[in-house]
>>> print(open('my_file-v4.cif').read())   # mmCIF, C-alpha atoms
data_data
loop_
_atom_site.group_PDB
_atom_site.id
_atom_site.type_symbol
_atom_site.label_atom_id
_atom_site.label_comp_id
_atom_site.auth_asym_id
_atom_site.auth_seq_id
_atom_site.Cartn_x
_atom_site.Cartn_y
_atom_site.Cartn_z
ATOM 1 C CA GLY B 259 46.586 5.639 -0.961
ATOM 2 C CA ALA B 260 43.129 6.092 -2.456
ATOM 3 C CA VAL B 261 44.394 7.886 -5.585
ATOM 4 C CA ALA B 262 46.854 5.086 -6.352
ATOM 5 C CA ALA B 263 44.145 2.471 -5.773
ATOM 6 C CA CYS B 264 41.816 4.254 -8.196
ATOM 7 C CA HIS B 265 44.618 4.452 -10.762
ATOM 8 C CA ARG B 266 45.234 0.701 -10.480
ATOM 9 C CA ALA B 267 41.489 0.037 -10.754
ATOM 10 C CA GLY B 268 41.328 2.188 -13.872
ATOM 11 C CA LEU B 269 44.157 0.224 -15.478
ATOM 12 C CA ALA B 270 42.443 -3.045 -14.573
ATOM 13 C CA LEU B 271 39.276 -1.793 -16.291
ATOM 14 C CA GLY B 272 41.130 -1.078 -19.484
ATOM 15 C CA GLY B 273 41.840 2.586 -18.904
ATOM 16 C CA SER B 274 38.340 3.531 -17.745
ATOM 17 C CA CYS B 275 38.062 6.602 -15.543
ATOM 18 C CA VAL B 276 37.526 5.756 -11.878
ATOM 19 C CA ARG B 277 36.579 8.662 -9.625
ATOM 20 C CA SER B 278 37.186 8.645 -5.889
ATOM 21 C CA ALA B 279 35.264 11.002 -3.609
ATOM 22 C CA ALA B 280 37.460 12.817 -1.095
ATOM 23 C CA THR B 281 34.552 14.171 0.955
ATOM 24 C CA LEU B 282 30.996 13.152 1.808
ATOM 25 C CA GLU B 283 29.675 16.129 -0.154
ATOM 26 C CA GLU B 284 31.581 15.033 -3.259
ATOM 27 C CA ALA B 285 30.282 11.467 -2.843
ATOM 28 C CA LEU B 286 26.710 12.734 -2.750
ATOM 29 C CA GLU B 287 27.358 14.839 -5.859
ATOM 30 C CA LEU B 288 28.679 11.762 -7.694
ATOM 31 C CA THR B 289 25.573 9.806 -6.699
ATOM 32 C CA LEU B 290 23.306 12.618 -7.891
ATOM 33 C CA GLU B 291 25.261 12.857 -11.150
ATOM 34 C CA HIS B 292 24.809 9.134 -11.738
ATOM 35 C CA PHE B 293 21.043 9.383 -11.488
ATOM 36 C CA SER B 294 20.309 12.820 -12.931
ATOM 37 C CA SER B 295 22.997 14.041 -15.329
ATOM 38 C CA ALA B 296 22.375 11.514 -18.106
ATOM 39 C CA ARG B 297 18.570 11.400 -18.345
ATOM 40 C CA GLU B 298 18.472 9.109 -21.330
ATOM 41 C CA LEU B 299 15.050 8.075 -22.599
ATOM 42 C CA LEU B 300 14.246 4.389 -22.494
ATOM 43 C CA SER B 301 13.257 2.973 -25.850
ATOM 44 C CA GLU B 302 10.426 0.502 -26.243
ATOM 45 C CA GLY B 303 13.083 -2.160 -26.791
ATOM 46 C CA ASP B 304 14.726 -1.344 -23.469
ATOM 47 C CA LEU B 305 11.402 -1.610 -21.667
ATOM 48 C CA GLU B 306 10.552 -4.908 -23.353
ATOM 49 C CA ASN B 307 13.925 -6.358 -22.355
ATOM 50 C CA LEU B 308 13.719 -5.179 -18.737
ATOM 51 C CA ALA B 309 10.049 -5.159 -17.806
ATOM 52 C CA LEU B 310 8.169 -8.140 -16.473
ATOM 53 C CA PRO B 311 5.116 -9.171 -18.538
ATOM 54 C CA GLY B 312 2.181 -6.810 -18.560
ATOM 55 C CA PRO B 313 3.099 -3.823 -16.350
ATOM 56 C CA PRO B 314 0.148 -1.399 -16.066
ATOM 57 C CA ARG B 315 0.611 1.840 -17.994
ATOM 58 C CA VAL B 316 0.558 5.272 -16.420
ATOM 59 C CA PRO B 317 0.957 8.757 -17.966
ATOM 60 C CA ALA B 318 4.707 8.979 -17.418
ATOM 61 C CA GLN B 319 7.791 9.189 -19.572
ATOM 62 C CA THR B 320 8.661 5.534 -19.033
ATOM 63 C CA GLY B 321 4.988 4.525 -18.902
ATOM 64 C CA ILE B 322 5.479 1.813 -16.264
ATOM 65 C CA THR B 323 4.287 0.953 -12.782
ATOM 66 C CA ILE B 324 6.303 -1.479 -10.663
ATOM 67 C CA ASP B 325 4.723 -3.819 -8.135
ATOM 68 C CA LEU B 326 6.312 -2.776 -4.842
ATOM 69 C CA SER B 327 5.774 -6.150 -3.167
ATOM 70 C CA GLU B 328 7.731 -7.878 -5.948
ATOM 71 C CA LEU B 329 10.433 -5.207 -5.961
ATOM 72 C CA LEU B 330 10.998 -5.560 -2.203
ATOM 73 C CA ILE B 331 11.929 -9.225 -2.600
ATOM 74 C CA ALA B 332 13.658 -9.010 -5.992
ATOM 75 C CA PRO B 333 17.432 -9.642 -5.926
ATOM 76 C CA PRO B 334 19.568 -6.565 -6.674
ATOM 77 C CA GLY B 335 20.622 -6.674 -10.315
ATOM 78 C CA SER B 336 17.594 -8.748 -11.368
ATOM 79 C CA PRO B 337 15.507 -7.604 -14.381
ATOM 80 C CA LEU B 338 12.982 -5.903 -12.088
ATOM 81 C CA SER B 339 15.782 -4.241 -10.133
ATOM 82 C CA GLN B 340 17.328 -2.967 -13.376
ATOM 83 C CA LEU B 341 13.971 -1.643 -14.536
ATOM 84 C CA PHE B 342 13.511 0.211 -11.242
ATOM 85 C CA CYS B 343 16.935 1.878 -11.465
ATOM 86 C CA CYS B 344 16.533 2.767 -15.152
ATOM 87 C CA ALA B 345 13.137 4.357 -14.515
ATOM 88 C CA LEU B 346 14.593 6.206 -11.529
ATOM 89 C CA ARG B 347 17.329 7.685 -13.715
ATOM 90 C CA VAL B 348 14.847 8.782 -16.387
ATOM 91 C CA GLU B 349 12.140 10.251 -14.169
ATOM 92 C CA GLY B 350 13.766 10.971 -10.825
ATOM 93 C CA PHE B 351 10.901 8.906 -9.341
ATOM 94 C CA VAL B 352 9.170 5.571 -9.962
ATOM 95 C CA HIS B 353 5.462 4.742 -10.009
ATOM 96 C CA VAL B 354 4.753 1.762 -7.724
ATOM 97 C CA ALA B 355 1.677 -0.296 -6.929
ATOM 98 C CA CYS B 356 1.522 -0.545 -3.140
ATOM 99 C CA PRO B 357 0.782 -3.830 -1.349
ATOM 100 C CA PRO B 358 -2.534 -4.104 0.526
ATOM 101 C CA ARG B 359 -0.985 -3.683 3.967
ATOM 102 C CA THR B 360 0.797 -0.489 2.926
ATOM 103 C CA VAL B 361 -2.424 0.881 1.455
ATOM 104 C CA ALA B 362 -4.381 0.025 4.611
ATOM 105 C CA VAL B 363 -1.799 1.697 6.862
ATOM 106 C CA LEU B 364 -1.747 4.860 4.756
ATOM 107 C CA ARG B 365 -5.537 5.027 4.376
ATOM 108 C CA ARG B 366 -5.968 4.736 8.139
ATOM 109 C CA LEU B 367 -3.405 7.475 8.652
ATOM 110 C CA GLU B 368 -5.176 9.644 6.079
ATOM 111 C CA GLU B 369 -8.486 9.287 7.936
ATOM 112 C CA LEU B 370 -6.978 10.210 11.295
ATOM 113 C CA CYS B 371 -5.063 13.152 9.842
ATOM 114 C CA ALA B 372 -8.252 14.420 8.214
ATOM 115 C CA ALA B 373 -9.939 14.312 11.619
ATOM 116 C CA TRP B 374 -7.049 16.238 13.164
ATOM 117 C CA TYR B 375 -7.128 18.911 10.453
ATOM 118 C CA THR B 376 -10.818 19.559 11.096
ATOM 119 C CA LEU B 377 -10.040 20.675 14.672
ATOM 120 C CA PRO B 378 -10.182 24.431 15.381
ATOM 121 C CA ASP B 379 -6.908 26.186 14.614
ATOM 122 C CA ASP B 380 -6.269 27.152 18.228
ATOM 123 C CA GLU B 381 -6.626 23.498 19.350
ATOM 124 C CA LYS B 382 -4.212 22.287 16.680
ATOM 125 C CA GLU B 383 -1.694 24.934 17.703
ATOM 126 C CA ARG B 384 -1.970 23.880 21.355
ATOM 127 C CA ASP B 385 -1.687 20.202 20.455
ATOM 128 C CA ILE B 386 1.471 20.539 18.343
ATOM 129 C CA SER B 387 4.516 22.693 18.952
ATOM 130 C CA ASP B 388 5.462 25.530 16.641
ATOM 131 C CA TYR B 389 7.082 24.602 13.345
ATOM 132 C CA GLY B 390 10.862 24.491 13.670
ATOM 133 C CA HIS B 391 13.951 22.311 13.980
ATOM 134 C CA VAL B 392 14.200 19.211 16.143
ATOM 135 C CA ASP B 393 17.617 17.565 15.858
ATOM 136 C CA ARG B 394 18.213 19.468 12.591
ATOM 137 C CA LYS B 395 14.896 18.294 11.097
ATOM 138 C CA PHE B 396 11.797 20.414 10.478
ATOM 139 C CA THR B 397 8.891 19.343 12.681
ATOM 140 C CA GLY B 398 5.654 20.788 13.998
ATOM 141 C CA TYR B 399 2.530 22.413 12.620
ATOM 142 C CA ARG B 400 2.030 25.447 10.457
ATOM 143 C CA GLN B 401 -0.607 26.910 8.179
ATOM 144 C CA GLY B 402 0.641 28.905 5.223
ATOM 145 C CA ARG B 403 -1.104 30.668 2.413
ATOM 146 C CA TYR B 404 -1.492 27.569 0.257
ATOM 147 C CA ARG B 405 -0.822 24.602 2.520
ATOM 148 C CA GLU B 406 -1.541 23.482 6.044
ATOM 149 C CA GLN B 407 0.952 20.893 7.230
ATOM 150 C CA LEU B 408 1.817 18.700 10.180
ATOM 151 C CA GLU B 409 5.341 17.311 10.115
ATOM 152 C CA VAL B 410 6.627 14.705 12.568
ATOM 153 C CA ARG B 411 9.765 12.571 12.844
ATOM 154 C CA LEU B 412 10.223 8.940 13.869
ATOM 155 C CA GLU B 413 12.646 8.482 16.751
ATOM 156 C CA THR B 414 14.916 5.463 17.135
ATOM 157 C CA GLY B 415 12.738 4.095 19.914
ATOM 158 C CA GLY B 416 9.685 4.100 17.633
ATOM 159 C CA SER B 417 7.783 7.156 18.885
ATOM 160 C CA VAL B 418 7.071 10.250 16.797
ATOM 161 C CA VAL B 419 8.022 13.829 17.662
ATOM 162 C CA PRO B 420 5.903 15.819 18.134
ATOM 163 C CA ALA B 421 3.103 13.351 18.975
ATOM 164 C CA PRO B 422 -0.511 14.517 18.363
ATOM 165 C CA ARG B 423 -2.770 13.877 21.366
ATOM 166 C CA LEU B 424 -6.220 15.251 20.489
ATOM 167 C CA VAL B 425 -7.132 12.569 17.909
ATOM 168 C CA GLU B 426 -6.981 9.104 19.432
ATOM 169 C CA GLY B 427 -4.754 6.698 17.529
ATOM 170 C CA LEU B 428 -3.098 9.329 15.317
ATOM 171 C CA ALA B 429 0.325 9.155 16.992
ATOM 172 C CA ALA B 430 0.342 5.333 16.773
ATOM 173 C CA ALA B 431 -0.762 5.480 13.126
ATOM 174 C CA LEU B 432 2.063 7.892 12.325
ATOM 175 C CA GLU B 433 4.582 5.602 14.023
ATOM 176 C CA GLU B 434 3.374 2.557 12.095
ATOM 177 C CA ALA B 435 3.342 4.323 8.723
ATOM 178 C CA LEU B 436 6.757 5.935 9.133
ATOM 179 C CA ALA B 437 8.380 2.683 10.292
ATOM 180 C CA LEU B 438 6.858 0.765 7.382
ATOM 181 C CA LEU B 439 7.844 3.313 4.735
ATOM 182 C CA GLU B 440 11.377 3.657 6.086
ATOM 183 C CA ALA B 441 11.812 -0.109 6.074
ATOM 184 C CA GLN B 442 10.658 -0.279 2.469
ATOM 185 C CA GLY B 443 12.941 2.612 1.548
ATOM 186 C CA ARG B 444 15.935 0.867 3.095
ATOM 187 C CA SER B 445 15.134 -2.243 1.058
ATOM 188 C CA LEU B 446 14.999 -0.202 -2.155
ATOM 189 C CA MET B 447 18.452 1.165 -1.362
ATOM 190 C CA LEU B 448 19.828 -2.311 -2.057
ATOM 191 C CA HIS B 449 18.879 -1.908 -5.725
ATOM 192 C CA VAL B 450 20.330 1.596 -6.010
ATOM 193 C CA ALA B 451 23.563 0.580 -4.266
ATOM 194 C CA TYR B 452 24.010 -2.407 -6.583
ATOM 195 C CA ASP B 453 23.273 -0.269 -9.621
ATOM 196 C CA ILE B 454 25.935 2.343 -8.829
ATOM 197 C CA GLY B 455 28.426 -0.178 -7.452
ATOM 198 C CA VAL B 456 28.671 0.767 -3.781
ATOM 199 C CA ASP B 457 28.060 -1.087 -0.524
ATOM 200 C CA VAL B 458 24.573 -0.353 0.788
ATOM 201 C CA LYS B 459 26.171 0.375 4.174
ATOM 202 C CA TRP B 460 27.460 3.601 2.640
ATOM 203 C CA PHE B 461 23.859 4.772 2.261
ATOM 204 C CA HIS B 462 22.951 3.525 5.731
ATOM 205 C CA GLY B 463 25.709 5.703 7.155
ATOM 206 C CA LEU B 464 23.846 8.764 5.852
ATOM 207 C CA LEU B 465 20.603 7.818 7.637
ATOM 208 C CA ASP B 466 19.407 8.151 11.189
ATOM 209 C CA SER B 467 20.086 5.228 13.508
ATOM 210 C CA ASP B 468 18.222 2.081 12.523
ATOM 211 C CA ASP B 469 15.083 1.093 14.430
ATOM 212 C CA PRO B 470 14.853 -2.624 15.351
ATOM 213 C CA ARG B 471 11.340 -2.768 13.874
ATOM 214 C CA LEU B 472 12.536 -1.779 10.410
ATOM 215 C CA GLY B 473 13.937 -5.187 9.512
ATOM 216 C CA THR B 474 10.524 -6.869 9.399
ATOM 217 C CA ALA B 475 8.347 -3.998 8.227
ATOM 218 C CA ALA B 476 9.706 -4.239 4.680
ATOM 219 C CA ALA B 477 8.386 -7.767 4.194
ATOM 220 C CA ASP B 478 5.054 -6.536 2.838
ATOM 221 C CA THR B 479 3.339 -8.622 0.193
ATOM 222 C CA GLY B 480 0.305 -8.410 -2.038
ATOM 223 C CA LYS B 481 -0.882 -6.024 -4.736
ATOM 224 C CA ASP B 482 -2.844 -2.787 -4.810
ATOM 225 C CA THR B 483 -2.594 0.467 -6.700
ATOM 226 C CA GLY B 484 -3.792 2.697 -3.872
ATOM 227 C CA ALA B 485 -1.875 5.478 -2.214
ATOM 228 C CA ALA B 486 -2.512 8.049 0.466
ATOM 229 C CA ASP B 487 -1.443 11.569 1.298
ATOM 230 C CA ALA B 488 -1.354 12.510 4.984
ATOM 231 C CA GLY B 489 -1.173 16.198 4.204
ATOM 232 C CA LYS B 490 -3.901 18.686 3.416
ATOM 233 C CA ASP B 491 -3.719 21.112 0.494
ATOM 234 C CA THR B 492 -5.588 24.385 0.819
ATOM 235 C CA GLY B 493 -4.773 25.744 -2.609
ATOM 236 C CA ALA B 494 -2.275 25.793 -5.433
ATOM 237 C CA ALA B 495 0.881 27.832 -5.558
#
>>> encode(input="my_file-v4.cif", output="structure tokens")
Amino acid sequence: GAVAACHRAGLALGGSCVRSAATLEEALELTLEHFSSARELLSEGDLENLALPGPPRVPAQTGITIDLSELLIAPPGSPLSQLFCCALRVEGFVHVACPPRTVAVLRRLEELCAAWYTLPDDEKERDISDYGHVDRKFTGYRQGRYREQLEVRLETGGSVVPAPRLVEGLAAALEEALALLEAQGRSLMLHVAYDIGVDVKWFHGLLDSDDPRLGTAAADTGKDTGAADAGKDTGAA
């Protein structure tokens, strides 16, 4: 079966070790190991060979920022795709310059969330259910010692749960932002899947059901370095 197939694959690769995951948990551990166990530093030569001309510098270990609009349309395995995956292995994250539409969506959401957070505490608590699990995901509103947070989830049909009602347009803004970001995230999975040698459908099987809007939301173009945070910090831990 699978063990024999892996043995034959190893022989075909000249004796290289081929590991087969017997469970989903083991498969996730192998994926995590691929991206986090060997955190090799990229040399200047590596960056020069992989990076496109003139990436803006940021205070990070790799010192690069990737244009998200170009990454979304780059073929898996291309120089930009390789740079993205290498930076992801080194840092565990990648700095990206967001396209104008993404920035506009997030800025609008930030404004509406700020308006919601300024409501009296008792109104916010009445507007949003208590913080807890909805379909095994944390949702709701809570105010802790250092952070006040509103957490919602995008349903397959496109609506968010729970949906804020007291600030007009906030629920719709949350739906738009979550759909856009999920679509972009699914596109980035193509690069990761190619890099580790698996079918991207394997990743899709770990996600919630796809929303029909997600196929077009990823086609965002343009350049901008803005970003937005829809949360509200009330202190530092």
>>> residues_near_point(input="my_file-v4.cif", point="(16.4, -9.6, -8.7)", cutoff="12 Å", atoms="all atoms listed in the file", output="ChimeraX atom specification")
/B:308-310,328-343,446,448-449,452-453
>>> resolve_selection(input="my_file-v4.cif", expression="the PyMOL selection byres ((chain B and resi 409) around 8)", output="mmCIF file with C-alpha atoms, in the coordinates of the input")
data_model
loop_
_atom_site.group_PDB
_atom_site.id
_atom_site.type_symbol
_atom_site.label_atom_id
_atom_site.label_comp_id
_atom_site.auth_asym_id
_atom_site.auth_seq_id
_atom_site.Cartn_x
_atom_site.Cartn_y
_atom_site.Cartn_z
ATOM 1 C CA PHE B 396 11.797 20.414 10.478
ATOM 2 C CA THR B 397 8.891 19.343 12.681
ATOM 3 C CA GLY B 398 5.654 20.788 13.998
ATOM 4 C CA TYR B 399 2.530 22.413 12.620
ATOM 5 C CA GLN B 407 0.952 20.893 7.230
ATOM 6 C CA LEU B 408 1.817 18.700 10.180
ATOM 7 C CA VAL B 410 6.627 14.705 12.568
ATOM 8 C CA ARG B 411 9.765 12.571 12.844
#
>>> resolve_selection(input="my_file-v4.cif", expression="the PyMOL selection byres ((chain B and resi 388) around 9)", output="PDB file with C-alpha atoms, keeping the file's coordinate frame")
ATOM      1  CA  GLU B 383      -1.694  24.934  17.703  1.00  0.00           C
ATOM      2  CA  ARG B 384      -1.970  23.880  21.355  1.00  0.00           C
ATOM      3  CA  ILE B 386       1.471  20.539  18.343  1.00  0.00           C
ATOM      4  CA  SER B 387       4.516  22.693  18.952  1.00  0.00           C
ATOM      5  CA  TYR B 389       7.082  24.602  13.345  1.00  0.00           C
ATOM      6  CA  GLY B 390      10.862  24.491  13.670  1.00  0.00           C
ATOM      7  CA  THR B 397       8.891  19.343  12.681  1.00  0.00           C
ATOM      8  CA  GLY B 398       5.654  20.788  13.998  1.00  0.00           C
ATOM      9  CA  TYR B 399       2.530  22.413  12.620  1.00  0.00           C
ATOM     10  CA  ARG B 400       2.030  25.447  10.457  1.00  0.00           C
TER      11      ARG B 400
END
>>> resolve_selection(input="my_file-v4.cif", expression="the PyMOL selection byres ((chain B and resi 367-381) around 12)", output="MDAnalysis selection string")
chainID B and resid 360:366 382:388 399:401 405:409 422:436 485:492
>>> closest_residue(input="my_file-v4.cif", among="B:Leu464, B:Leu346, B:Met447, B:Ala437", to="Leu286 of chain B", atoms="all atoms listed in the file")
B:Leu464
>>> atom_distance(input="my_file-v4.cif", atom1="atom CA of Trp460 of chain B", atom2="atom CA of Glu349 of chain B")
23.7 Å
>>> closest_residue(input="my_file-v4.cif", among="B:Thr281, B:Val450, B:Val458, B:Thr289", to="Ala345 of chain B", atoms="all atoms listed in the file")
B:Val450
>>> atom_distance(input="my_file-v4.cif", atom1="atom CA of Lys459 of chain B", atom2="atom CA of Glu440 of chain B")
15.3 Å
>>> atom_distance(input="my_file-v4.cif", atom1="atom CA of Ala421 of chain B", atom2="atom CA of Ser445 of chain B")
26.6 Å
